[in-house]
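Q: As input, take run-v1.cif (mmCIF, C-alpha atoms):
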```cif
data_run
loop_
_atom_site.label_atom_id
_atom_site.label_comp_id
_atom_site.auth_asym_id
_atom_site.auth_seq_id
_atom_site.Cartn_x
_atom_site.Cartn_y
_atom_site.Cartn_z
CA MET A 145 179.40 132.74 100.54
CA GLY A 146 182.59 133.47 102.47
CA ASN A 147 185.00 130.56 102.82
CA LYS A 148 182.41 127.84 102.26
CA PRO A 149 183.70 125.06 99.99
CA LEU A 150 182.20 124.77 96.52
CA ILE A 151 180.51 121.53 95.45
CA SER A 152 180.49 120.67 91.76
CA ILE A 153 177.38 118.69 90.79
CA ILE A 154 177.79 116.77 87.54
CA ILE A 155 174.62 115.75 85.69
CA PRO A 156 174.82 113.66 82.50
CA LEU A 157 171.85 114.34 80.21
CA TYR A 158 170.22 112.26 77.49
CA ASN A 159 166.58 112.66 76.46
CA SER A 160 165.81 113.93 79.95
CA ALA A 161 163.20 116.58 79.11
CA SER A 162 160.28 114.94 80.91
CA TYR A 163 161.95 114.92 84.34
CA LEU A 164 164.87 117.38 84.24
CA HIS A 165 162.94 120.28 85.79
CA HIS A 166 162.07 118.27 88.90
CA CYS A 167 165.71 117.24 89.30
CA LEU A 168 167.11 120.77 88.93
CA GLN A 169 164.40 122.26 91.11
CA SER A 170 165.47 119.93 93.93
CA ILE A 171 169.02 121.23 93.58
CA MET A 172 167.86 124.84 93.63
CA GLN A 173 166.06 124.11 96.90
CA GLN A 174 169.18 122.87 98.67
CA THR A 175 169.86 124.35 102.11
CA TYR A 176 173.55 124.53 101.09
CA GLN A 177 173.70 126.96 98.19
CA TYR A 178 177.41 127.17 97.34
CA PHE A 179 177.41 124.82 94.36
CA GLU A 180 177.85 124.73 90.61
CA VAL A 181 175.82 122.48 88.31
CA ILE A 182 177.64 121.05 85.30
CA MET A 183 175.23 119.52 82.80
CA VAL A 184 176.61 117.54 79.87
CA ASP A 185 174.16 116.64 77.12
CA ASP A 186 174.82 113.51 75.07
CA ALA A 187 173.14 114.48 71.78
CA SER A 188 169.58 114.38 73.11
CA GLN A 189 166.75 114.09 70.56
CA ASP A 190 164.10 115.84 72.67
CA ASP A 191 163.87 119.25 74.40
CA THR A 192 166.51 118.47 77.01
CA VAL A 193 168.94 121.12 75.75
CA LYS A 194 166.23 123.76 75.55
CA GLN A 195 165.22 123.09 79.15
CA ALA A 196 168.80 123.05 80.37
CA GLN A 197 169.53 126.35 78.62
CA LYS A 198 166.69 128.03 80.52
CA TRP A 199 168.44 127.18 83.79
CA VAL A 200 171.80 128.34 82.45
CA HIS A 201 170.32 131.70 81.44
CA SER A 202 168.55 132.20 84.77
CA ASP A 203 171.31 131.16 87.19
CA PRO A 204 175.09 131.72 86.71
CA ARG A 205 175.85 128.58 88.75
CA PHE A 206 174.45 126.37 85.98
CA TYR A 207 176.58 125.32 82.99
CA LEU A 208 175.76 123.27 79.91
CA TYR A 209 178.17 121.42 77.63
CA GLN A 210 176.86 119.69 74.52
CA GLN A 211 177.93 116.58 72.67
CA HIS A 212 176.76 116.40 69.07
CA VAL A 213 177.37 112.64 68.88
CA ASN A 214 176.16 110.19 71.52
CA HIS A 215 179.09 108.79 73.51
CA GLY A 216 177.49 107.45 76.69
CA VAL A 217 177.25 108.40 80.35
CA SER A 218 180.93 107.78 81.17
CA THR A 219 182.13 110.30 78.58
CA ASN A 220 179.58 112.80 79.87
CA ARG A 221 180.75 112.43 83.45
CA ASN A 222 184.40 112.69 82.37
CA ILE A 223 183.64 115.95 80.57
CA GLY A 224 181.95 117.17 83.73
CA LEU A 225 185.02 116.29 85.79
CA SER A 226 187.26 118.21 83.39
CA HIS A 227 185.18 121.36 83.97
CA ALA A 228 184.58 120.98 87.73
CA ARG A 229 186.04 123.70 89.96
CA GLY A 230 184.70 122.64 93.35
CA THR A 231 186.54 121.37 96.39
CA TYR A 232 184.10 118.48 96.28
CA VAL A 233 182.36 116.63 93.47
CA SER A 234 178.99 114.91 93.51
CA PHE A 235 176.88 113.35 90.80
CA VAL A 236 173.14 113.46 90.16
CA ASP A 237 171.18 111.62 87.47
CA PRO A 238 168.58 113.74 85.66
CA ASP A 239 165.63 111.43 86.38
CA ASP A 240 166.34 111.45 90.13
CA TRP A 241 166.02 114.19 92.73
CA CYS A 242 167.62 115.26 96.01
CA ALA A 243 166.35 115.99 99.50
CA PRO A 244 166.91 119.62 100.58
CA ASP A 245 169.76 118.63 102.93
CA PHE A 246 171.56 116.43 100.36
CA LEU A 247 174.55 118.76 99.89
CA GLN A 248 174.56 119.97 103.50
CA THR A 249 174.95 116.37 104.68
CA PHE A 250 178.07 116.02 102.55
CA ILE A 251 179.53 119.28 103.85
CA ASN A 252 178.74 118.42 107.49
CA HIS A 253 180.87 115.27 107.27
CA SER A 254 183.50 116.28 104.73
CA SER A 255 186.20 117.34 107.20
CA GLY A 256 188.77 114.57 107.52
CA ASN A 257 186.91 112.28 105.11
CA ASP A 258 187.76 111.62 101.48
CA LEU A 259 184.43 109.97 100.72
CA VAL A 260 181.02 110.71 102.24
CA ILE A 261 178.17 108.27 101.57
CA THR A 262 174.47 108.55 102.36
CA GLY A 263 171.55 106.17 102.15
CA PHE A 264 168.94 106.61 99.43
CA TYR A 265 165.33 106.02 98.49
CA CYS A 266 164.53 103.72 95.58
CA ASN A 267 161.13 104.59 94.09
CA GLU A 268 160.27 106.22 97.42
CA HIS A 269 161.18 103.13 99.46
CA VAL A 270 164.24 103.37 101.71
CA ALA A 271 166.93 101.08 100.33
CA SER A 272 167.71 98.37 102.86
CA SER A 273 170.84 98.82 104.92
CA ILE A 274 173.32 96.05 105.67
CA TRP A 275 175.20 98.16 108.20
CA PRO A 276 174.43 97.75 111.91
CA LEU A 277 175.17 101.43 112.62
CA GLN A 278 173.36 104.55 111.49
CA GLN A 279 176.58 106.48 110.95
CA HIS A 280 180.25 105.79 111.38
CA TYR A 281 183.77 106.26 110.01
CA TYR A 282 185.35 103.50 107.94
CA SER A 283 188.63 102.77 106.26
CA PRO A 284 188.63 102.26 102.48
CA GLY A 285 189.34 98.57 103.07
CA GLN A 286 186.25 98.24 105.24
CA MET A 287 184.12 100.12 102.72
CA LEU A 288 185.33 98.25 99.62
CA PRO A 289 183.09 95.12 99.84
CA PHE A 290 180.00 97.29 100.30
CA ILE A 291 180.92 99.43 97.28
CA MET A 292 181.25 96.26 95.20
CA ALA A 293 178.09 94.63 96.55
CA ASN A 294 174.95 94.55 94.40
CA PHE A 295 172.67 95.01 97.41
CA GLY A 296 172.29 97.34 100.39
CA ASN A 297 172.18 101.12 100.37
CA ILE A 298 175.82 101.89 99.53
CA ARG A 299 176.70 99.93 96.37
CA GLY A 300 178.78 101.21 93.47
CA TYR A 301 176.56 104.15 92.58
CA VAL A 302 178.16 107.60 92.39
CA TRP A 303 175.06 109.69 93.10
CA ASN A 304 174.88 108.92 96.84
CA LYS A 305 178.51 109.91 97.39
CA CYS A 306 180.70 112.99 97.62
CA TYR A 307 184.35 113.02 96.48
CA ARG A 308 187.37 115.25 96.92
CA ARG A 309 188.19 116.73 93.54
CA GLN A 310 191.86 117.05 94.50
CA LEU A 311 192.14 113.25 94.76
CA ILE A 312 190.38 112.75 91.43
CA ALA A 313 192.71 115.23 89.74
CA LYS A 314 195.91 114.02 91.42
CA TYR A 315 195.43 110.42 90.30
CA HIS A 316 193.75 111.24 86.97
CA LEU A 317 190.66 109.22 87.84
CA ARG A 318 188.04 108.86 85.12
CA PHE A 319 185.15 106.59 84.15
CA ASP A 320 185.95 103.79 81.70
CA THR A 321 184.16 104.80 78.50
CA ASP A 322 184.00 101.31 76.98
CA LEU A 323 181.72 100.00 79.75
CA THR A 324 177.94 100.26 79.42
CA ILE A 325 177.26 99.17 83.02
CA MET A 326 179.05 99.18 86.40
CA GLU A 327 181.41 101.91 85.23
CA ASP A 328 180.43 103.77 88.39
CA MET A 329 181.42 100.87 90.64
CA LEU A 330 184.83 100.66 88.95
CA PHE A 331 185.34 104.41 89.40
CA ASN A 332 184.54 104.08 93.11
CA VAL A 333 187.01 101.22 93.52
CA LYS A 334 189.76 103.24 91.83
CA TYR A 335 188.94 106.23 94.04
CA LEU A 336 188.96 104.15 97.24
CA MET A 337 192.51 103.01 96.53
CA HIS A 338 193.66 106.61 97.15
CA ALA A 339 191.31 107.53 99.99
CA GLN A 340 192.22 107.55 103.68
CA ARG A 341 188.86 107.61 105.46
CA CYS A 342 185.17 107.35 104.59
CA TYR A 343 182.04 108.45 106.38
CA TYR A 344 178.73 106.64 106.02
CA THR A 345 175.23 107.48 107.18
CA SER A 346 172.23 105.30 106.34
CA GLN A 347 169.92 108.33 106.45
CA PRO A 348 168.47 108.67 102.92
CA HIS A 349 169.04 112.01 101.18
CA TYR A 350 168.81 110.97 97.52
CA HIS A 351 165.75 109.80 95.58
CA TYR A 352 166.68 107.19 92.99
CA VAL A 353 163.90 106.64 90.44
CA LYS A 354 164.19 103.15 89.02
CA ARG A 355 162.58 103.10 85.60
CA HIS A 356 161.68 99.63 84.34
CA ASN A 357 162.05 100.64 80.69
CA SER A 358 165.64 101.74 81.28
CA THR A 359 168.35 100.05 79.21
CA VAL A 360 170.17 99.31 82.48
CA HIS A 361 167.48 96.74 83.27
CA THR A 362 167.56 95.08 79.82
CA VAL A 363 170.02 92.18 79.90
CA ASN A 364 171.93 91.44 76.70
CA LYS A 365 175.23 89.89 75.70
CA ARG A 366 177.12 93.20 75.69
CA MET A 367 175.86 94.02 79.17
CA LEU A 368 176.93 90.65 80.57
CA GLN A 369 180.38 91.08 79.02
CA ASP A 370 180.70 94.54 80.54
CA ILE A 371 179.66 93.28 83.98
CA PHE A 372 182.48 90.73 83.89
CA LYS A 373 184.90 93.37 82.60
CA ALA A 374 184.00 95.78 85.40
CA ILE A 375 184.38 93.10 88.08
CA TRP A 376 187.67 91.92 86.61
CA ARG A 377 189.08 95.45 86.34
CA SER A 378 187.97 96.29 89.88
CA SER A 379 189.63 93.16 91.23
CA LYS A 380 192.77 93.97 89.29
CA VAL A 381 192.86 97.52 90.70
CA VAL A 382 192.64 96.15 94.25
CA LEU A 383 195.26 93.44 93.71
CA LEU A 384 197.76 95.81 92.08
CA HIS A 385 197.29 98.33 94.87
CA LYS A 386 198.23 95.89 97.63
#
```
Here is a file; write its structure as structure tokens.
A:
Amino acid sequence: MGNKPLISIIIPLYNSASYLHHCLQSIMQQTYQYFEVIMVDDASQDDTVKQAQKWVHSDPRFYLYQQHVNHGVSTNRNIGLSHARGTYVSFVDPDDWCAPDFLQTFINHSSGNDLVITGFYCNEHVASSIWPLQQHYYSPGQMLPFIMANFGNIRGYVWNKCYRRQLIAKYHLRFDTDLTIMEDMLFNVKYLMHAQRCYYTSQPHYHYVKRHNSTVHTVNKRMLQDIFKAIWRSSKVVLLHK
């Protein structure tokens, strides 16, 4: 692959057997092939591990780490970060899939940018954009309100973004493991505090599959508490950084 930069793709797994193949197949079909896939299984009860192991055995770029007790998506992603070797880090959820130029888009705009963001599809509909421009460079301060917004096609998700691993390592950035929701938004806010420049394109390259039976869409007391915690912690990170 010459001097092409490596991208580490971190995929947290939990009972993902019914859709994992489609996800990994979309990664295999990337036009940019210099990547590693780090799968972390969170004590799945189905055939997720068996399916993941098939990919590990057939392609040396695929790795699998197993948890024998369920700890949640944040712990899984943190384990992935501890094993990542790439110049850049991206995240993919196992029930979603990527357009063939997903990684190439990140690489095309990585020079001089600490964070690259693309638009995305939600259940095959293009997520609405609140930006007037198709693509542009932004400061972290300009990007912050759109990362924290609960609408638009940027938001606090990690799977439509590409990060510099050096920044993550230098500032020991990790996901808060006590949050059950919006832990990704908080991670993005912490990352932005150390970034210099961001690049955004509204062109969708990621397919987010919104499942209505997902626990993310089931409101309960713990979830509401965690939403307030995430917002409070994000605000605190910003205020302490100024």
Q: Please, which residues are within 12 Å of (165.1, 127.0, 91.0) by the file's coordinates, counting all atoms listed in the file, and could they come as a ChimeraX atom specification?
A: /A:164-174,177,181,196,198-206
Q: Of the residues A:Leu208, A:Met337, A:Leu384, A:Ile182, which is the one nearest to A:Val233, using all atoms listed in the file?
A: A:Ile182
Q: Quick check, in Å to one decimal: how far apart do atom CA of A:Asn332 and atom CA of A:Pro244 lie?
A: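 Here the two named atoms are 24.7 Å from each other.
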Q: Residues near stretch 215-220 of chain A, anyone? I mean within 8 Å using only C-alpha atoms, not counting same-chain ones fewer than 6 positions away, as a list in words.
A: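 Here the answer would be Pro156, Leu157, Val184, Asp185, Asp186, Phe319, Asp320, Thr321, Leu323, Thr324 and Glu327 of chain A.
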Q: Taking the file as I've supplied it (selection: the PyMOL selection byres ((chain A and resi 239) around 8)), which residues are included? Please answer as a list in words.
A: Ser160, Tyr163, Leu164, Cys167, Asp237, Pro238, Asp240, Trp241, Tyr352 and Val353 of chain A
Q: List the residues matched by the PyMOL selection byres ((chain A and resi 371-381) around 7) in the displayed structure as a PyMOL selection string, ordered by chain and then by residue number.
A: chain A and resi 325-327+330+333-334+367-370+382-385
Q: Using all atoms listed in the file, find the one residue out of A:Gln189, A:Thr249, A:Asn214, A:Gln197 that sits nearest to A:Tyr343.
A: A:Thr249
Q: For A:Gly224, which of A:Lys194, A:Lys354, A:Arg309, A:Arg299 is the closest residue, counting only C-alpha atoms?
A: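 Closest to A:Gly224, using only C-alpha atoms: A:Arg309.
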Q: Which residues, named as in the file, does the PyMOL selection byres ((chain A and resi 297) around 10) pick out? Answer as a PyMOL selection string.
A: chain A and resi 261-266+270-275+290-291+293-296+298-301+304+345-348
Q: Between A:Tyr158, A:Tyr281, A:Tyr307, A:Gln248, which one has atoms that come closest to A:Thr231, using all atoms listed in the file?
A: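 Ranked by minimum distance to A:Thr231, first place goes to A:Tyr307.
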Q: What is the distance between atom CA of A:Ile251 and atom CA of A:Leu336, in Å to one decimal?
A: 19.0 Å
Q: For A:Ile223, which of A:Ser254, A:Ile154, A:His269, A:Asp245 is the closest residue, counting all atoms listed in the file?
A: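 The answer is A:Ile154, which sits nearest to A:Ile223.
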Q: Is it possible to add N, CA, C and O atoms to stretch 231-248 of chain A and hand it back as a compact mmCIF listing (two decimals), keeping the file's coordinate frame?
A:
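Dumped everything to part.txt:
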```txt
# COMPACT_ATOMS: atom_id res chain seq x y z
N THR A 231 185.72 122.15 95.46
CA THR A 231 186.54 121.37 96.39
C THR A 231 186.04 119.93 96.41
O THR A 231 186.83 118.99 96.52
N TYR A 232 184.74 119.80 96.27
CA TYR A 232 184.10 118.48 96.28
C TYR A 232 183.31 118.27 95.00
O TYR A 232 182.89 119.23 94.34
N VAL A 233 183.11 117.01 94.66
CA VAL A 233 182.36 116.63 93.47
C VAL A 233 181.27 115.65 93.86
O VAL A 233 181.52 114.70 94.61
N SER A 234 180.07 115.89 93.36
CA SER A 234 178.99 114.91 93.51
C SER A 234 178.32 114.72 92.16
O SER A 234 178.52 115.52 91.24
N PHE A 235 177.55 113.67 92.05
CA PHE A 235 176.88 113.35 90.80
C PHE A 235 175.39 113.19 91.05
O PHE A 235 174.98 112.66 92.09
N VAL A 236 174.59 113.63 90.10
CA VAL A 236 173.14 113.46 90.16
C VAL A 236 172.68 113.00 88.79
O VAL A 236 173.15 113.50 87.77
N ASP A 237 171.77 112.03 88.74
CA ASP A 237 171.18 111.62 87.47
C ASP A 237 169.93 112.43 87.21
O ASP A 237 169.18 112.75 88.16
N PRO A 238 169.64 112.78 85.96
CA PRO A 238 168.58 113.74 85.66
C PRO A 238 167.15 113.25 85.94
O PRO A 238 166.24 114.06 86.03
N ASP A 239 166.97 111.94 86.07
CA ASP A 239 165.63 111.43 86.38
C ASP A 239 165.43 111.21 87.87
O ASP A 239 164.37 110.75 88.30
N ASP A 240 166.43 111.56 88.67
CA ASP A 240 166.34 111.45 90.13
C ASP A 240 166.18 112.85 90.74
O ASP A 240 166.18 113.86 90.04
N TRP A 241 166.08 112.90 92.06
CA TRP A 241 166.02 114.19 92.73
C TRP A 241 166.60 114.08 94.14
O TRP A 241 166.81 112.97 94.65
N CYS A 242 166.89 115.22 94.75
CA CYS A 242 167.62 115.26 96.01
C CYS A 242 166.78 115.88 97.13
O CYS A 242 166.03 116.82 96.89
N ALA A 243 166.95 115.36 98.32
CA ALA A 243 166.35 115.99 99.50
C ALA A 243 167.02 117.34 99.73
O ALA A 243 168.17 117.54 99.33
N PRO A 244 166.34 118.27 100.38
CA PRO A 244 166.91 119.62 100.58
C PRO A 244 168.25 119.64 101.31
O PRO A 244 169.05 120.55 101.11
N ASP A 245 168.51 118.65 102.16
CA ASP A 245 169.76 118.63 102.93
C ASP A 245 170.80 117.70 102.32
O ASP A 245 171.77 117.33 102.97
N PHE A 246 170.63 117.33 101.06
CA PHE A 246 171.56 116.43 100.36
C PHE A 246 172.99 116.97 100.41
O PHE A 246 173.91 116.31 100.91
N LEU A 247 173.20 118.17 99.93
CA LEU A 247 174.55 118.76 99.89
C LEU A 247 175.04 119.11 101.29
O LEU A 247 176.23 118.95 101.60
N GLN A 248 174.16 119.60 102.15
CA GLN A 248 174.56 119.97 103.50
C GLN A 248 175.08 118.76 104.27
O GLN A 248 176.02 118.87 105.06
```
